[in-house]
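Source file: input-v1.cif (mmCIF, C-alpha atoms)
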data_model
loop_
_atom_site.group_PDB
_atom_site.id
_atom_site.type_symbol
_atom_site.label_atom_id
_atom_site.label_comp_id
_atom_site.auth_asym_id
_atom_site.auth_seq_id
_atom_site.Cartn_x
_atom_site.Cartn_y
_atom_site.Cartn_z
ATOM 1 C CA MET A 9 71.725 143.073 -37.987
ATOM 2 C CA LYS A 10 70.495 146.665 -37.824
ATOM 3 C CA ARG A 11 68.233 146.082 -40.808
ATOM 4 C CA THR A 12 66.731 142.961 -39.207
ATOM 5 C CA VAL A 13 65.973 144.781 -35.961
ATOM 6 C CA SER A 14 64.294 147.663 -37.771
ATOM 7 C CA PHE A 15 62.237 145.189 -39.809
ATOM 8 C CA LEU A 16 61.102 143.390 -36.645
ATOM 9 C CA VAL A 17 60.147 146.688 -34.988
ATOM 10 C CA ALA A 18 58.109 147.721 -38.038
ATOM 11 C CA LEU A 19 56.424 144.318 -38.103
ATOM 12 C CA ALA A 20 55.545 144.602 -34.402
ATOM 13 C CA VAL A 21 54.045 148.066 -34.895
ATOM 14 C CA VAL A 22 51.909 146.874 -37.792
ATOM 15 C CA GLY A 23 50.909 143.732 -35.895
ATOM 16 C CA LEU A 24 49.798 145.711 -32.866
ATOM 17 C CA SER A 25 47.892 148.343 -34.807
ATOM 18 C CA VAL A 26 45.994 146.191 -37.318
ATOM 19 C CA PRO A 27 43.708 144.414 -34.793
ATOM 20 C CA GLY A 28 42.621 147.812 -33.492
ATOM 21 C CA PHE A 29 40.349 148.359 -36.474
ATOM 22 C CA ALA A 30 38.126 145.363 -35.708
ATOM 23 C CA ASP A 31 35.828 146.906 -33.059
ATOM 24 C CA PRO A 32 37.183 150.330 -32.021
ATOM 25 C CA PRO A 33 34.505 151.483 -29.540
ATOM 26 C CA GLY A 34 34.327 148.072 -27.884
ATOM 27 C CA LYS A 35 38.084 147.804 -27.732
ATOM 28 C CA PHE A 36 38.438 151.254 -26.179
ATOM 29 C CA LYS A 37 35.719 150.605 -23.575
ATOM 30 C CA GLY A 38 37.138 147.167 -22.802
ATOM 31 C CA GLY A 39 40.593 148.632 -22.252
ATOM 32 C CA ILE A 40 39.249 151.273 -19.870
ATOM 33 C CA LYS A 41 37.281 148.572 -18.016
ATOM 34 C CA ASP A 42 40.407 146.389 -17.739
ATOM 35 C CA VAL A 43 42.438 149.225 -16.247
ATOM 36 C CA LEU A 44 39.717 150.210 -13.771
ATOM 37 C CA THR A 45 38.932 146.673 -12.589
ATOM 38 C CA SER A 46 42.538 145.483 -12.354
ATOM 39 C CA PRO A 47 42.846 145.887 -8.535
ATOM 40 C CA LEU A 48 40.185 143.206 -8.146
ATOM 41 C CA GLN A 49 42.778 140.680 -9.311
ATOM 42 C CA ILE A 50 44.614 141.009 -5.984
ATOM 43 C CA SER A 51 41.594 140.253 -3.822
ATOM 44 C CA ASP A 52 40.526 137.373 -6.056
ATOM 45 C CA SER A 53 43.990 135.811 -5.946
ATOM 46 C CA VAL A 54 44.304 136.177 -2.171
ATOM 47 C CA ARG A 55 40.852 134.636 -1.704
ATOM 48 C CA THR A 56 41.688 131.711 -3.992
ATOM 49 C CA GLU A 57 45.078 131.054 -2.406
ATOM 50 C CA THR A 58 43.766 131.170 1.162
ATOM 51 C CA LYS A 59 40.873 128.860 0.312
ATOM 52 C CA HIS A 60 43.237 126.104 -0.840
ATOM 53 C CA ALA A 61 46.102 126.694 1.591
ATOM 54 C CA LYS A 62 47.365 124.711 4.549
ATOM 55 C CA PHE A 63 49.502 127.516 5.998
ATOM 56 C CA LEU A 64 47.721 130.869 5.929
ATOM 57 C CA PRO A 65 50.695 133.336 6.013
ATOM 58 C CA PHE A 66 52.264 131.796 2.913
ATOM 59 C CA ALA A 67 48.903 131.796 1.182
ATOM 60 C CA ILE A 68 48.373 135.508 1.845
ATOM 61 C CA VAL A 69 51.852 136.441 0.611
ATOM 62 C CA GLY A 70 51.517 134.164 -2.411
ATOM 63 C CA GLY A 71 48.091 135.595 -3.218
ATOM 64 C CA LEU A 72 49.411 139.150 -2.968
ATOM 65 C CA LEU A 73 52.332 138.410 -5.285
ATOM 66 C CA LYS A 74 50.227 136.475 -7.767
ATOM 67 C CA GLY A 75 47.462 139.084 -7.706
ATOM 68 C CA THR A 76 49.922 141.924 -8.216
ATOM 69 C CA PHE A 77 51.389 140.150 -11.241
ATOM 70 C CA TYR A 78 47.962 139.546 -12.788
ATOM 71 C CA MET A 79 46.914 143.123 -12.004
ATOM 72 C CA ALA A 80 49.970 144.509 -13.810
ATOM 73 C CA LYS A 81 49.284 142.193 -16.739
ATOM 74 C CA GLN A 82 45.677 143.396 -16.951
ATOM 75 C CA VAL A 83 46.732 147.064 -16.745
ATOM 76 C CA VAL A 84 49.244 146.619 -19.585
ATOM 77 C CA ASP A 85 46.704 144.739 -21.689
ATOM 78 C CA GLY A 86 44.035 147.400 -21.094
ATOM 79 C CA THR A 87 46.453 150.207 -21.844
ATOM 80 C CA LEU A 88 47.476 148.558 -25.107
ATOM 81 C CA ASN A 89 43.809 148.208 -26.055
ATOM 82 C CA VAL A 90 43.191 151.891 -25.381
ATOM 83 C CA VAL A 91 46.302 153.048 -27.222
ATOM 84 C CA THR A 92 45.775 150.875 -30.281
ATOM 85 C CA SER A 93 42.091 151.674 -30.715
ATOM 86 C CA PRO A 94 41.535 154.390 -33.318
ATOM 87 C CA LEU A 95 40.018 157.309 -31.456
ATOM 88 C CA ASP A 96 38.920 159.237 -34.553
ATOM 89 C CA VAL A 97 35.900 156.907 -34.863
ATOM 90 C CA PHE A 98 34.243 158.742 -31.958
ATOM 91 C CA HIS A 99 34.362 162.111 -33.775
ATOM 92 C CA LYS A 100 32.027 161.229 -36.641
#
Show me this structure written as structure tokens.
Amino acid sequence: MKRTVSFLVALAVVGLSVPGFADPPGKFKGGIKDVLTSPLQISDSVRTETKHAKFLPFAIVGGLLKGTFYMAKQVVDGTLNVVTSPLDVFHK
């Protein structure tokens, strides 16, 4: 069991680091952009929910919850892009 878990962890590390060599500067800039623009997800979700809602208070609360979830998802995705991009490319 211990051997299987360590194998899966090693596989996950390799799987997350290999795509980072595809377009390092673009991946790094895209990750920074994702982190910086993530709060816009909340306003977009609230606007969308209130546009299609029949009862406004539930729409606002639902939009806030949905937007917060998508914002956190975008922050994690952007952070992973920044961390897995090889930074030594910029020092050439």
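Residues in contact with range 51-63 of chain A at up to 6 Å, not including ones fewer than 6 positions away on its chain and judged by all atoms listed in the file, are Gly71, Leu72 and Gly75 of chain A.
Using only C-alpha atoms, the smallest distance between any of A:Met9, A:Leu73, A:Ser14, A:Val43 and Asn89 in chain A comes from A:Val43.
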I'd like the neighbourhood of Thr45 in chain A as an MDAnalysis selection string, where a residue qualifies if any of its atoms comes within 9 Å (using only C-alpha atoms), though same-chain residues fewer than 6 positions away should be ignored. chainID A and resid 79 82:83
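Counting from CA of Thr87 in chain A, the distance to CA of Lys41 in chain A is 10.1 Å.
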Quote the spacing between CA of Thr76 in chain A and CA of Ile50 in chain A in Å to one decimal place. 5.8 Å
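CA of Ile40 in chain A sits 18.6 Å away from CA of Phe77 in chain A.
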